[in-house]
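J.: You'll find protein.cif just under this line, and it carries mmCIF, C-alpha atoms.
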```cif
data_upload
#
loop_
_atom_site.label_atom_id
_atom_site.label_comp_id
_atom_site.auth_asym_id
_atom_site.auth_seq_id
_atom_site.Cartn_x
_atom_site.Cartn_y
_atom_site.Cartn_z
CA PRO A 1499 0.00 0.00 0.00
CA GLY A 1500 2.78 2.43 0.81
CA ARG A 1501 4.49 1.84 -2.55
CA LEU A 1502 1.14 2.27 -4.35
CA ARG A 1503 0.63 5.57 -2.54
CA LEU A 1504 4.05 6.77 -3.72
CA TRP A 1505 3.18 5.80 -7.29
CA ARG A 1506 -0.08 7.79 -7.14
CA MET A 1507 1.85 10.80 -5.83
CA GLY A 1508 4.09 10.63 -8.91
CA LEU A 1509 7.22 9.68 -6.98
CA SER A 1510 9.69 7.18 -8.40
CA ILE A 1511 9.72 3.71 -6.90
CA VAL A 1512 13.06 1.97 -6.41
CA PRO A 1513 12.70 -1.83 -6.46
CA LEU A 1514 13.63 -3.47 -3.18
CA PRO A 1515 16.90 -5.42 -3.48
CA LYS A 1516 16.60 -9.20 -3.41
CA ARG A 1517 17.54 -10.85 -0.15
CA ILE A 1518 20.93 -12.58 -0.28
CA LYS A 1519 20.29 -16.31 -0.28
CA SER A 1520 23.22 -17.81 -2.18
CA ARG A 1521 27.00 -17.54 -2.33
CA LYS A 1522 26.80 -16.67 -6.03
CA HIS A 1523 24.42 -13.77 -5.35
CA ALA A 1524 26.59 -12.56 -2.45
CA ARG A 1525 29.75 -12.57 -4.63
CA LYS A 1526 27.92 -10.69 -7.39
CA VAL A 1527 26.75 -7.96 -5.00
CA THR A 1528 30.15 -7.47 -3.35
CA SER A 1529 31.96 -7.43 -6.71
CA GLU A 1530 29.54 -4.90 -8.18
CA TYR A 1531 29.72 -2.74 -5.06
CA HIS A 1532 33.53 -2.61 -5.16
CA ARG A 1533 33.57 -1.93 -8.90
CA ILE A 1534 31.11 0.98 -8.58
CA THR A 1535 32.69 2.53 -5.48
CA GLU A 1536 36.13 2.39 -7.11
CA ARG A 1537 34.77 4.29 -10.12
CA LEU A 1538 33.10 6.74 -7.76
CA HIS A 1539 36.36 7.30 -5.90
CA HIS A 1540 38.36 8.13 -9.02
CA THR A 1541 35.86 10.14 -11.08
CA THR A 1542 35.60 13.94 -11.05
CA SER A 1543 32.58 14.08 -13.36
CA SER A 1544 29.26 14.97 -11.77
CA ASP A 1545 27.43 12.93 -14.42
CA GLU A 1546 29.56 9.88 -13.70
CA ARG A 1547 29.05 10.32 -9.95
CA ALA A 1548 25.29 10.45 -10.45
CA LYS A 1549 25.47 7.33 -12.61
CA CYS A 1550 27.47 5.50 -9.92
CA ALA A 1551 24.99 6.56 -7.25
CA ALA A 1552 22.12 5.20 -9.33
CA GLU A 1553 23.94 1.89 -9.87
CA LEU A 1554 24.64 1.58 -6.14
CA GLN A 1555 20.98 2.21 -5.39
CA ALA A 1556 19.96 -0.42 -7.94
CA ILE A 1557 21.98 -3.16 -6.19
CA GLY A 1558 20.72 -2.12 -2.76
CA GLY A 1559 23.55 0.17 -1.65
CA VAL A 1560 25.65 -0.37 1.44
CA ASP A 1561 22.89 -2.35 3.18
CA ALA A 1562 22.88 -5.01 0.45
CA TYR A 1563 26.70 -5.03 0.43
CA GLN A 1564 26.89 -5.65 4.17
CA GLN A 1565 24.18 -8.31 3.96
CA ALA A 1566 26.27 -10.06 1.29
CA SER A 1567 29.41 -9.70 3.41
CA GLN A 1568 27.61 -11.21 6.41
CA PHE A 1569 26.52 -14.13 4.23
CA ASN A 1570 30.12 -14.70 3.08
CA THR A 1571 31.62 -14.47 6.57
CA ALA A 1572 29.11 -17.00 7.85
CA LEU A 1573 30.77 -19.47 5.45
CA HIS A 1574 34.34 -18.47 6.40
CA SER A 1575 34.37 -17.51 10.09
CA THR A 1576 37.42 -15.39 10.83
CA SER A 1577 36.41 -15.12 14.50
CA ARG A 1578 36.88 -18.86 15.14
CA TRP A 1579 40.35 -18.78 13.56
CA VAL A 1580 41.34 -15.69 15.59
CA ALA A 1581 40.15 -17.22 18.87
CA ARG A 1582 41.95 -20.48 18.07
CA ARG A 1583 45.23 -18.69 17.36
CA LEU A 1584 44.96 -16.50 20.47
CA ARG A 1585 44.55 -19.67 22.53
CA ALA A 1586 47.53 -21.26 20.78
CA HIS A 1587 49.68 -18.25 21.79
CA GLY A 1588 48.37 -18.35 25.36
CA VAL A 1589 46.88 -14.88 25.01
CA LEU A 1590 43.34 -16.18 25.48
CA ALA A 1591 43.47 -18.48 28.51
CA ALA A 1592 41.65 -19.17 31.75
CA GLY A 1593 42.93 -17.09 34.64
CA LYS A 1594 44.31 -14.36 32.36
CA PRO A 1595 42.74 -10.94 31.74
CA PRO A 1596 40.67 -10.88 28.52
CA PRO A 1597 42.89 -9.84 25.60
CA ARG A 1598 42.00 -6.45 24.16
CA VAL A 1599 41.13 -6.82 20.47
CA LEU A 1600 40.44 -4.13 17.86
CA GLU A 1601 38.33 -5.28 14.90
CA ILE A 1602 38.31 -3.13 11.76
CA GLY A 1603 35.38 -3.33 9.36
CA ALA A 1604 33.12 -5.39 11.62
CA ILE A 1605 30.11 -6.45 9.56
CA ASN A 1606 28.82 -8.89 12.20
CA THR A 1607 29.13 -9.52 15.94
CA GLN A 1608 30.84 -12.91 15.80
CA LEU A 1609 34.05 -11.62 17.39
CA LEU A 1610 32.12 -9.49 19.89
CA ASP A 1611 30.23 -12.63 20.93
CA THR A 1612 33.39 -14.72 21.39
CA PRO A 1613 33.77 -15.57 25.11
CA GLY A 1614 36.91 -14.32 26.86
CA LEU A 1615 37.68 -11.41 24.51
CA HIS A 1616 37.39 -7.67 25.16
CA VAL A 1617 36.58 -6.42 21.65
CA ARG A 1618 36.23 -2.92 20.24
CA ALA A 1619 34.58 -3.24 16.82
CA LEU A 1620 34.56 -0.48 14.20
CA ASP A 1621 32.86 -0.03 10.85
CA LEU A 1622 32.17 2.86 8.50
CA ASN A 1623 28.51 1.82 8.31
CA SER A 1624 27.63 0.07 11.54
CA GLN A 1625 24.77 -2.42 11.41
CA ASP A 1626 24.70 -3.09 15.16
CA ALA A 1627 24.55 -0.89 18.26
CA ARG A 1628 27.69 -2.59 19.65
CA ILE A 1629 29.73 -1.77 16.54
CA GLU A 1630 31.17 1.75 16.64
CA GLN A 1631 30.57 3.74 13.46
CA ARG A 1632 33.94 5.32 12.79
CA ASP A 1633 36.70 5.63 10.22
CA PHE A 1634 39.66 3.58 11.47
CA LEU A 1635 42.17 6.04 9.99
CA THR A 1636 40.91 8.77 12.34
CA LEU A 1637 41.90 6.82 15.47
CA PRO A 1638 44.89 8.24 17.38
CA LEU A 1639 47.89 5.92 17.28
CA GLY A 1640 48.97 4.08 20.38
CA GLY A 1641 45.75 2.27 21.25
CA ALA A 1642 42.70 3.21 23.31
CA LEU A 1643 42.80 6.08 25.78
CA GLU A 1644 42.54 5.08 29.43
CA ALA A 1645 40.68 7.08 32.08
CA SER A 1646 44.07 8.45 33.18
CA GLY A 1647 44.62 9.92 29.72
CA ALA A 1648 47.36 7.44 28.81
CA SER A 1649 47.02 5.27 25.71
CA ARG A 1650 47.10 1.49 25.94
CA PRO A 1651 47.93 -0.52 22.80
CA TYR A 1652 45.79 -3.50 21.82
CA ASP A 1653 46.83 -7.13 22.20
CA ALA A 1654 45.40 -8.11 18.81
CA LEU A 1655 43.89 -6.52 15.72
CA VAL A 1656 41.63 -8.12 13.11
CA CYS A 1657 41.39 -6.79 9.55
CA SER A 1658 39.31 -9.26 7.56
CA MET A 1659 38.26 -8.47 3.99
CA VAL A 1660 38.78 -4.75 4.60
CA LEU A 1661 42.12 -3.81 3.01
CA ASN A 1662 40.84 -4.88 -0.42
CA CYS A 1663 37.81 -2.56 0.02
CA VAL A 1664 40.01 0.54 0.32
CA PRO A 1665 39.88 2.06 -3.19
CA ASP A 1666 43.29 3.76 -3.11
CA ALA A 1667 46.74 2.10 -3.00
CA ARG A 1668 48.23 4.90 -0.90
CA ARG A 1669 45.46 4.69 1.70
CA ARG A 1670 46.08 0.94 1.96
CA PHE A 1671 49.65 1.73 3.00
CA ASP A 1672 48.37 4.32 5.49
CA MET A 1673 45.99 1.70 6.91
CA LEU A 1674 48.79 -0.84 7.40
CA VAL A 1675 50.94 1.75 9.22
CA CYS A 1676 47.98 2.66 11.45
CA MET A 1677 47.27 -1.01 12.16
CA ARG A 1678 50.82 -1.45 13.46
CA GLY A 1679 50.46 1.77 15.47
CA GLN A 1680 47.51 0.33 17.44
CA LEU A 1681 49.34 -2.78 18.66
CA ARG A 1682 51.72 -3.46 21.52
CA VAL A 1683 55.11 -4.99 20.71
CA GLY A 1684 54.45 -8.69 20.20
CA GLY A 1685 50.75 -8.09 19.60
CA LEU A 1686 49.05 -10.16 16.92
CA CYS A 1687 47.54 -8.85 13.70
CA PHE A 1688 45.21 -11.02 11.61
CA VAL A 1689 44.78 -10.00 7.95
CA VAL A 1690 42.44 -11.72 5.50
CA LEU A 1691 42.26 -10.92 1.78
CA PRO A 1692 40.59 -12.43 -1.26
CA GLY A 1693 43.15 -14.80 -2.77
CA SER A 1694 42.73 -13.15 -6.17
CA CYS A 1695 44.21 -9.91 -4.77
CA LEU A 1696 47.58 -11.67 -4.65
CA SER A 1697 47.29 -14.34 -7.36
CA HIS A 1698 45.88 -11.97 -10.02
CA SER A 1699 47.46 -8.65 -9.04
CA HIS A 1700 49.56 -6.90 -11.69
CA THR A 1701 51.89 -5.53 -9.00
CA LEU A 1702 51.91 -7.89 -5.98
CA THR A 1703 52.46 -11.53 -5.14
CA HIS A 1704 51.95 -13.48 -1.92
CA ASP A 1705 55.68 -13.20 -1.14
CA SER A 1706 55.97 -9.50 -1.93
CA PHE A 1707 52.88 -8.70 0.16
CA ALA A 1708 54.53 -10.54 3.06
CA ASP A 1709 57.51 -8.16 2.63
CA CYS A 1710 55.05 -5.25 2.60
CA LEU A 1711 53.71 -6.38 5.97
CA ARG A 1712 57.25 -6.80 7.35
CA GLY A 1713 58.11 -3.34 6.09
CA VAL A 1714 55.52 -1.67 8.34
CA GLY A 1715 56.38 -3.83 11.35
CA LEU A 1716 53.86 -6.66 10.96
CA ALA A 1717 56.00 -9.76 10.50
CA PRO A 1718 53.89 -12.62 9.10
CA ASP A 1719 54.32 -16.15 10.41
CA LEU A 1720 53.97 -18.04 7.14
CA ALA A 1721 54.12 -21.38 8.98
CA ALA A 1722 51.17 -20.53 11.25
CA GLU A 1723 47.98 -22.58 11.04
CA THR A 1724 45.36 -20.96 8.80
CA PRO A 1725 41.95 -22.11 7.55
CA ALA A 1726 42.03 -24.16 4.36
CA SER A 1727 40.55 -21.98 1.61
CA ALA A 1728 41.11 -21.67 -2.11
CA LYS A 1729 39.41 -18.26 -2.13
CA LEU A 1730 41.05 -16.43 0.79
CA ALA A 1731 44.59 -15.54 1.88
CA TYR A 1732 45.28 -15.50 5.64
CA PHE A 1733 48.18 -13.75 7.40
CA GLU A 1734 49.00 -13.96 11.12
CA CYS A 1735 51.53 -11.26 11.99
CA ALA A 1736 53.52 -10.28 15.07
CA ALA A 1737 53.94 -6.57 15.77
CA GLY A 1738 57.54 -5.36 15.94
CA LEU A 1739 59.72 -2.63 14.48
CA PRO A 1740 59.36 -1.72 10.79
CA ASP A 1741 61.85 -3.46 8.51
CA PRO A 1742 63.23 -0.97 5.92
CA ALA A 1743 65.09 -3.74 4.07
CA ALA A 1744 61.84 -5.67 3.55
CA ALA A 1745 60.10 -2.46 2.48
CA LEU A 1746 62.80 -1.85 -0.14
CA ARG A 1747 62.49 -5.44 -1.39
CA PHE A 1748 58.76 -4.90 -1.75
CA GLN A 1749 59.29 -1.63 -3.65
CA ARG A 1750 61.76 -3.28 -6.02
CA ALA A 1751 59.50 -6.30 -6.66
CA ARG A 1752 56.52 -3.99 -7.24
CA HIS A 1753 58.56 -1.83 -9.64
CA GLU A 1754 59.70 -4.87 -11.62
CA ARG A 1755 56.14 -6.25 -11.83
CA ARG A 1756 54.79 -2.91 -12.99
CA SER A 1757 57.59 -2.47 -15.54
CA GLY A 1758 57.05 -5.93 -17.00
CA HIS A 1759 53.26 -5.85 -16.98
CA GLY A 1760 53.02 -4.43 -20.51
CA SER A 1761 55.04 -7.32 -21.96
CA GLN A 1762 52.84 -9.99 -20.36
CA PRO A 1763 50.10 -11.69 -22.40
CA PRO A 1764 46.59 -10.47 -21.53
CA ARG A 1765 44.62 -12.58 -19.08
CA ARG A 1766 41.08 -12.78 -17.84
CA LYS A 1767 40.04 -9.60 -16.05
CA SER A 1768 39.81 -9.99 -12.29
CA ARG A 1769 39.09 -7.50 -9.53
CA GLY A 1770 42.25 -8.72 -7.86
CA ALA A 1771 44.29 -7.49 -10.82
CA ASP A 1772 44.04 -3.90 -9.54
CA PHE A 1773 44.97 -4.64 -5.93
CA ASP A 1774 48.08 -2.66 -4.99
CA VAL A 1775 49.82 -1.05 -2.02
CA ASP A 1776 51.78 2.18 -2.52
CA LEU A 1777 54.39 1.69 0.20
CA GLY A 1778 56.91 4.48 0.82
CA GLY A 1779 57.78 7.35 3.11
CA ALA A 1780 57.27 7.07 6.88
CA LEU A 1781 56.99 3.44 8.00
CA GLY A 1782 56.40 4.38 11.62
CA PHE A 1783 58.58 4.44 14.77
CA GLY A 1784 61.05 6.82 13.13
CA GLU A 1785 61.80 4.55 10.15
CA ARG A 1786 61.55 6.01 6.67
CA ILE A 1787 62.41 5.01 3.10
CA GLY A 1788 62.09 6.74 -0.25
CA ARG A 1789 58.63 7.52 -1.52
CA SER A 1790 59.05 5.07 -4.40
CA PHE A 1791 61.61 2.71 -5.89
CA GLU A 1792 64.22 4.25 -8.18
CA ALA A 1793 66.49 1.99 -10.16
CA LEU A 1794 70.09 3.11 -9.66
CA GLN A 1795 71.38 4.71 -12.84
CA PRO A 1796 75.07 4.10 -13.66
CA SER A 1797 77.31 7.14 -13.31
CA ARG A 1798 79.21 8.62 -16.26
CA ALA A 1799 82.47 7.04 -15.04
CA GLN A 1800 80.79 3.63 -14.77
CA LYS A 1801 79.43 3.94 -18.31
CA GLU A 1802 82.86 4.90 -19.66
CA GLN A 1803 84.48 2.00 -17.78
CA ARG A 1804 81.98 -0.48 -19.23
CA ALA A 1805 82.51 0.90 -22.75
CA ALA A 1806 86.31 0.65 -22.38
CA ARG A 1807 86.03 -2.94 -21.13
CA ALA A 1808 83.76 -3.87 -24.03
CA GLU A 1809 86.21 -2.33 -26.51
CA PHE A 1810 89.15 -4.16 -24.90
CA LEU A 1811 87.33 -7.52 -25.18
CA ARG A 1812 86.45 -6.76 -28.80
CA GLN A 1813 90.08 -6.02 -29.70
CA LEU A 1814 91.26 -9.11 -27.82
CA LYS A 1815 88.82 -11.28 -29.75
CA GLU A 1816 89.87 -9.69 -33.03
CA GLU A 1817 93.58 -10.32 -32.35
CA LYS A 1818 92.83 -13.93 -31.49
CA LEU A 1819 90.95 -14.44 -34.78
CA ASN A 1820 93.81 -12.82 -36.78
CA GLY A 1821 96.38 -15.05 -35.05
CA GLU A 1822 94.37 -18.19 -35.94
CA LYS A 1823 94.18 -17.09 -39.59
CA GLU A 1824 98.00 -16.58 -39.80
CA GLU A 1825 98.56 -20.10 -38.46
#
```
If you convert what's in this file into structure tokens, what do you get?
T.:
Amino acid sequence: PGRLRLWRMGLSIVPLPKRIKSRKHARKVTSEYHRITERLHHTTSSDERAKCAAELQAIGGVDAYQQASQFNTALHSTSRWVARRLRAHGVLAAGKPPPRVLEIGAINTQLLDTPGLHVRALDLNSQDARIEQRDFLTLPLGGALEASGASRPYDALVCSMVLNCVPDARRRFDMLVCMRGQLRVGGLCFVVLPGSCLSHSHTLTHDSFADCLRGVGLAPDLAAETPASAKLAYFECAAGLPDPAAALRFQRARHERRSGHGSQPPRRKSRGADFDVDLGGALGFGERIGRSFEALQPSRAQKEQRAARAEFLRQLKEEKLNGEKEE
């Protein structure tokens, strides 16, 4: 009746989005949402922005996206893995104070409902009264503020299927630095990404992303137990000091992948192909590297030395050939 009344008043009626009932439908909604929001982030055209807004409304907007995300996480529960690993490290144990956990991009209350944890959950578009609606990047570094005014770092941080939703490579780097800045030394960081972000990316690989994490002070334990999944990539990291050498390795590998991308044969388009992290600058805790990788160019003296050596070898070869002919 309400929709009929709107129609009689001459107002447009937007069809209600279909309820998410299958994994295929959930994947379609999340893929479309990311594709549209990425276009929206990069466009400066008002017409294109209006078109993106209409497309988002057609798929159900952020509500449909979060419903799809909740459906997906019900199939791959990050909270059970996190609790299992915290127990394995002795952080979550009987007789110990509840570990303080910060969850970024909480689209359900599974971690909040886990017994024995003291969880602060954040999301840009909270769907539950217990989830704080806030942009993670606006949090002050150093952890939560105590009543005394001092900050207390967290024991663990969970970032599941969030980093890939950030539409800008530079902001992904900022997010990683901020994640390290919220943890105590030795604290645990759990990162989950779609596997295609690493297997299909034009700029990253699983190994280079591990160096990226090391670079900001989140050293991944690649031998740690992770859920078996062909679709997701899991990283359990220990918080320490940033590793500039690992950051430089990552920059070099990224530069080489980007330089060689044009010579590679085309492959099936994947959302993961565009996943990237623009690492460079301040890594945190006083560590800093160059803003981007620069291949060392040989000096003029080095070029002249190489040319002289090449000429010497040429003459030597020529003399050898002449001597063989005389014999």
J.: Could you check the closest approach to Arg1598 (chain A) for each of A:Ser1658, A:Gln1625, A:Gln1555, A:Gln1680 and tell me which residue wins, using all atoms listed in the file?
T.: A:Gln1680
J.: So the first atom is CA of Thr1724 (chain A) and the second is CA of Arg1668 (chain A); what is the distance between them in Å, to one decimal place?
T.: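 According to the coordinates, CA of Thr1724 (chain A) and CA of Arg1668 (chain A) are separated by 27.8 Å.
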J.: Figure out the distance between CA of Val1599 (chain A) and CA of Asp1653 (chain A), please, to one decimal in Å.
T.: 6.0 Å
J.: Take the PyMOL selection byres ((chain A and resi 1704-1717) around 6), apply it to the structure above, and return the hits as a list in words.
T.: Val1675, Leu1696, Leu1702, Thr1703, Pro1718, Cys1735, Ala1736, Ala1737, Gly1738, Leu1739, Pro1740, Asp1741, Pro1742, Ala1744, Ala1745, Phe1748 and Leu1781 of chain A
J.: Which residue gives the smallest distance to Pro1597 (chain A) among A:Asn1662, A:Val1580, A:Ala1551, A:Val1689, with all atoms listed in the file counted?
T.: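 Nearest to Pro1597 (chain A): A:Val1580.
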J.: Name the residues in contact with region 1593-1596 of chain A at a cut-off of 7 Å, using all atoms listed in the file, excluding same-chain residues fewer than 2 positions from it; report them as a list in words.
T.: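 Within the cut-off, the hits are Leu1590, Ala1591, Arg1598, Gly1614, Leu1615 and His1616 of chain A.
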J.: Any idea what's packed within 12 Å of Leu1635 (chain A), counting only C-alpha atoms, ignoring anything in its chain fewer than 6 positions away? Could you give it as a list in words?
T.: Ile1602, Gly1603, Leu1620, Asp1621, Leu1622, Val1664, Arg1669, Arg1670, Phe1671, Asp1672, Met1673, Leu1674, Val1675, Cys1676, Met1677, Arg1678, Gly1679 and Gln1680 of chain A
J.: By how many Å are CA of Leu1691 (chain A) and CA of Asp1774 (chain A) apart?
T.: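 Taking CA of Leu1691 (chain A) and CA of Asp1774 (chain A), their separation equals 12.2 Å.
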J.: Considering all atoms listed in the file, state which residue in the set A:Glu1809, A:Leu1686, A:Asp1776, A:Arg1755 is at the smallest distance from Gly1588 (chain A).
T.: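 Counting all atoms listed in the file, the residue closest to Gly1588 (chain A) is A:Leu1686.
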J.: Starting from 8 Å padding per side, set up an axis-aligned box that covers all listed atoms of region 1720-1732 of chain A and hand over centre and edge lengths in Å, one decimal, as AutoDock Vina command-line options.
T.:
```
--center_x 46.8 --center_y -19.8 --center_z 4.6 --size_x 30.7 --size_y 24.7 --size_z 29.4
```
J.: Selection in question (the file shown): the PyMOL selection byres ((chain A and resi 1692) around 9). Which residues does it include, as a list in words?
T.: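 For this structure, the PyMOL selection byres ((chain A and resi 1692) around 9) resolves to Met1659, Asn1662, Val1690, Leu1691, Gly1693, Ser1694, Cys1695, Leu1696, Lys1729, Leu1730, Ala1731, Tyr1732 and Gly1770 of chain A.
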J.: How would the residues just picked look written out with C-alpha atoms as a PDB file, keeping the file's coordinate frame?
T.:
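Output file again_6.pdb is given in full below:
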```pdb
ATOM      1  CA  MET A1659      38.260  -8.470   3.990  1.00  0.00           C
ATOM      2  CA  ASN A1662      40.840  -4.880  -0.420  1.00  0.00           C
ATOM      3  CA  VAL A1690      42.440 -11.720   5.500  1.00  0.00           C
ATOM      4  CA  LEU A1691      42.260 -10.920   1.780  1.00  0.00           C
ATOM      5  CA  GLY A1693      43.150 -14.800  -2.770  1.00  0.00           C
ATOM      6  CA  SER A1694      42.730 -13.150  -6.170  1.00  0.00           C
ATOM      7  CA  CYS A1695      44.210  -9.910  -4.770  1.00  0.00           C
ATOM      8  CA  LEU A1696      47.580 -11.670  -4.650  1.00  0.00           C
ATOM      9  CA  LYS A1729      39.410 -18.260  -2.130  1.00  0.00           C
ATOM     10  CA  LEU A1730      41.050 -16.430   0.790  1.00  0.00           C
ATOM     11  CA  ALA A1731      44.590 -15.540   1.880  1.00  0.00           C
ATOM     12  CA  TYR A1732      45.280 -15.500   5.640  1.00  0.00           C
ATOM     13  CA  GLY A1770      42.250  -8.720  -7.860  1.00  0.00           C
TER      14      GLY A1770
END
```
J.: For the file shown, report as a list in words the outcome of the PyMOL selection byres ((chain A and resi 1640) around 12) at residue level.
T.: Leu1637, Pro1638, Leu1639, Gly1641, Ala1642, Leu1643, Glu1644, Gly1647, Ala1648, Ser1649, Arg1650, Pro1651, Tyr1652, Asp1653, Val1675, Cys1676, Met1677, Arg1678, Gly1679, Gln1680, Leu1681, Arg1682, Val1683, Gly1782 and Phe1783 of chain A
J.: I'd like the contact shell of Ser1790 (chain A) - 8 Å cut-off, only C-alpha atoms, skipping same-chain residues fewer than 3 positions apart - returned as a list in words.
T.: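 Here the answer would be Gln1749, Leu1777, Gly1778 and Gly1779 of chain A.
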J.: Counting only C-alpha atoms, which residue out of A:Thr1701, A:Val1775, A:Pro1613, A:Phe1634 sits closest to Glu1754 (chain A)?
T.: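 Using only C-alpha atoms, Glu1754 (chain A) sits closest to A:Thr1701.
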